[in-house]
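J.: Quick one, entry_28.pdb (PDB, C-alpha atoms):
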ATOM      1  CA  MET P   8       4.639  11.826   5.934
ATOM      2  CA  SER P   9       7.003  12.263   3.001
ATOM      3  CA  GLY P  10       9.757  12.096   5.642
ATOM      4  CA  GLY P  11      12.222  13.601   3.216
ATOM      5  CA  LEU P  12      11.111  11.435   0.283
ATOM      6  CA  TRP P  13      13.757  11.721  -2.413
ATOM      7  CA  TRP P  14      14.663  10.053  -5.713
ATOM      8  CA  ASP P  15      18.052   9.136  -7.085
ATOM      9  CA  GLU P  16      18.500  10.036 -10.738
ATOM     10  CA  GLU P  17      18.141   6.470 -12.043
ATOM     11  CA  ASP P  18      14.842   5.837 -10.236
ATOM     12  CA  ALA P  19      13.542   9.306 -11.166
ATOM     13  CA  ASP P  20      14.287   8.600 -14.830
ATOM     14  CA  HIS P  21      12.565   5.227 -14.458
ATOM     15  CA  ILE P  22       9.247   6.727 -13.297
ATOM     16  CA  ARG P  23       9.490   9.584 -15.804
ATOM     17  CA  GLY P  24       9.689   6.991 -18.597
ATOM     18  CA  ARG P  25       6.841   4.639 -17.666
ATOM     19  CA  SER P  26       5.072   5.229 -20.992
ATOM     20  CA  ARG P  27       8.089   3.855 -22.881
ATOM     21  CA  ARG P  28       7.738   0.529 -21.030
ATOM     22  CA  TYR P  29       3.963   0.406 -20.616
ATOM     23  CA  PRO P  30       1.957   1.811 -23.539
ATOM     24  CA  GLY P  31      -0.747   4.123 -22.236
ATOM     25  CA  ALA P  32       0.898   4.514 -18.810
ATOM     26  CA  ALA P  33       1.405   7.960 -17.302
ATOM     27  CA  ASP P  34       4.930   9.276 -16.878
ATOM     28  CA  ILE P  35       5.433  10.389 -13.272
ATOM     29  CA  GLU P  36       7.395  13.396 -12.010
ATOM     30  CA  PRO P  37       9.158  12.849  -8.661
ATOM     31  CA  GLU P  38       7.680  16.088  -7.276
ATOM     32  CA  TRP P  39       4.205  14.610  -7.724
ATOM     33  CA  THR P  40       5.122  11.698  -5.474
ATOM     34  CA  VAL P  41       6.093  14.065  -2.665
ATOM     35  CA  GLN P  42       2.652  15.694  -2.921
ATOM     36  CA  ALA P  43       0.994  12.269  -2.816
ATOM     37  CA  ALA P  44       3.025  11.214   0.226
ATOM     38  CA  ASP P  45       2.024  14.431   2.012
ATOM     39  CA  ASP P  46      -1.707  14.080   1.202
ATOM     40  CA  PRO P  47      -3.603  14.108   4.536
ATOM     41  CA  ALA P  48      -6.033  11.523   3.096
ATOM     42  CA  ARG P  49      -3.249   9.165   1.965
ATOM     43  CA  VAL P  50      -3.410   5.425   2.532
ATOM     44  CA  VAL P  51      -0.223   3.928   3.986
ATOM     45  CA  ARG P  52       0.577   0.236   3.934
ATOM     46  CA  ASP P  53       3.633  -0.374   6.094
ATOM     47  CA  PRO P  54       4.921  -2.771   5.099
ATOM     48  CA  ASP P  55       3.458  -3.081   1.637
ATOM     49  CA  PRO P  56       1.829  -6.540   1.593
ATOM     50  CA  ARG P  57       3.092  -7.088  -1.965
ATOM     51  CA  SER P  58       6.709  -6.209  -1.187
ATOM     52  CA  ARG P  59       9.317  -8.867  -0.500
ATOM     53  CA  ALA P  60      11.675  -6.103   0.642
ATOM     54  CA  ALA P  61       9.310  -4.631   3.284
ATOM     55  CA  TYR P  62       8.919  -1.387   1.346
ATOM     56  CA  ILE P  63       6.149   1.072   2.244
ATOM     57  CA  ARG P  64       3.216   1.699  -0.126
ATOM     58  CA  ILE P  65       1.691   5.186  -0.045
ATOM     59  CA  VAL P  66      -1.444   6.037  -2.018
ATOM     60  CA  GLY P  67      -2.236   9.741  -2.233
ATOM     61  CA  TYR P  68      -3.443  12.545  -4.470
ATOM     62  CA  SER P  69      -1.103  14.888  -6.341
ATOM     63  CA  SER P  70      -2.703  18.159  -7.424
ATOM     64  CA  ALA P  71       0.145  18.774  -9.898
ATOM     65  CA  ALA P  72      -0.469  15.381 -11.534
ATOM     66  CA  GLY P  73      -4.249  15.649 -11.222
ATOM     67  CA  PHE P  74      -4.625  12.051 -10.101
ATOM     68  CA  VAL P  75      -3.954   9.583  -7.298
ATOM     69  CA  LEU P  76      -0.484   8.019  -7.196
ATOM     70  CA  THR P  77       0.904   4.866  -5.656
ATOM     71  CA  VAL P  78       4.416   5.476  -4.356
ATOM     72  CA  ILE P  79       6.762   2.738  -3.154
ATOM     73  CA  VAL P  80       9.304   3.948  -0.587
ATOM     74  CA  ASP P  81      12.351   2.326   0.990
ATOM     75  CA  PRO P  82      11.868   2.796   4.763
ATOM     76  CA  GLN P  83      15.629   2.712   5.385
ATOM     77  CA  ASP P  84      16.342   6.091   3.776
ATOM     78  CA  TRP P  85      12.961   7.308   2.415
ATOM     79  CA  SER P  86      14.161   6.997  -1.178
ATOM     80  CA  GLY P  87      11.559   6.480  -3.852
ATOM     81  CA  VAL P  88      11.627   3.033  -5.437
ATOM     82  CA  THR P  89       8.872   3.367  -8.037
ATOM     83  CA  ALA P  90       5.510   5.059  -8.581
ATOM     84  CA  TRP P  91       2.500   4.806 -10.861
ATOM     85  CA  LYS P  92      -0.992   6.174 -11.456
ATOM     86  CA  THR P  93      -3.232   4.364  -8.977
ATOM     87  CA  ARG P  94      -6.060   2.099 -10.071
ATOM     88  CA  GLY P  95      -7.908  -0.958  -8.823
ATOM     89  CA  ALA P  96      -8.099  -1.840  -5.125
ATOM     90  CA  ASP P  97      -5.681   0.907  -4.048
ATOM     91  CA  LEU P  98      -7.755   3.583  -5.776
ATOM     92  CA  ARG P  99     -10.956   2.213  -4.214
ATOM     93  CA  ALA P 100      -9.328   2.239  -0.753
ATOM     94  CA  TYR P 101      -8.213   5.833  -1.224
ATOM     95  CA  LEU P 102     -11.627   7.004  -2.460
ATOM     96  CA  GLU P 103     -13.451   5.174   0.343
ATOM     97  CA  GLY P 104     -11.198   6.884   2.871
ATOM     98  CA  LYS P 105     -11.970  10.270   1.326
ATOM     99  CA  GLU P 106     -15.705   9.526   1.562
ATOM    100  CA  ARG P 107     -15.377   8.723   5.282
ATOM    101  CA  GLU P 108     -13.685  12.095   5.837
ATOM    102  CA  SER P 109     -16.614  13.975   4.290
TER     103      SER P 109
END
Would you give me this structure, written as structure tokens?

T.:
Amino acid sequence: MSGGLWWDEEDADHIRGRSRRYPGAADIEPEWTVQAADDPARVVRDPDPRSRAAYIRIVGYSSAAGFVLTVIVDPQDWSGVTAWKTRGADLRAYLEGKERES
């Protein structure tokens, strides 16, 4: 599913520095987002209902990060737009999907 997910340097630096902008937030490594996008149990919202730009929202687990990530992807070229540690409704949706698989 990662479809060649990639990050330009500016966006990669942006997700790596989340804790500078949001105290207590997790900094995200781009490699983690590729793992999350490739998670067989991922949740995909295409298009993301919260996006005005028709981006894709992917919610999946990264073993390297040790937690579930939300990744926003531009469907035009599969570039990463942003990413964060998942919580709230997206985390519940992911966990409920995992339970159904069991």

J.: Hey, can you check how far atom CA of P:Trp14 sits from atom CA of P:Leu76?

T.: 15.4 Å

J.: Any chance you could resolve the PyMOL selection byres ((chain P and resi 11) around 12) against this file and give the residues as a ChimeraX atom specification?

T.: /P:8-10,12-14,38,40-42,44-45,80-87

J.: Separation of atom CA of P:Asp53 and atom CA of P:Ala71, in Å?

T.: 25.2 Å

J.: Quote the spacing between atom CA of P:Ser70 and atom CA of P:Ser58 in Å to one decimal place.

T.: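 Straight-line distance from atom CA of P:Ser70 to atom CA of P:Ser58 works out to 26.9 Å.
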
J.: With only C-alpha atoms as the counted atoms, please give the residues lying no more than 12 Å from P:Arg94, apart from itself and same-chain residues fewer than 5 positions off, as an MDAnalysis selection string.

T.: chainID P and resid 32:33 66:67 74:77 99:102

J.: Can you turn the PyMOL selection byres ((chain P and resi 35) around 8) into a concrete residue list for this file, as a ChimeraX atom specification?

T.: /P:22-25,33-34,36-37,39-40,72,90-92

J.: Choose the residue, out of P:Tyr68, P:Pro47, P:Arg28, P:Pro56, that has the smallest atom-to-atom separation from P:Leu98; count all atoms listed in the file.

T.: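 That would be P:Tyr68, the residue with the smallest distance to P:Leu98.
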
J.: Take every atom of stretch 96-103 of chain P listed in the file, pad by 5 Å on each side, and give me the axis-aligned box centre and edge lengths in Å, one decimal, as AutoDock Vina command-line options.

T.:
--center_x -9.6 --center_y 2.6 --center_z -2.7 --size_x 17.8 --size_y 18.8 --size_z 16.1

J.: Counting only C-alpha atoms, which residue out of P:Ile65, P:Pro54, P:Arg49, P:Ile79 sits closest to P:Glu103?

T.: P:Arg49

J.: So, counting only C-alpha atoms, which residue among P:Arg107, P:Gly31, P:Tyr62, P:Gly73 is closest to P:Val88?

T.: P:Tyr62
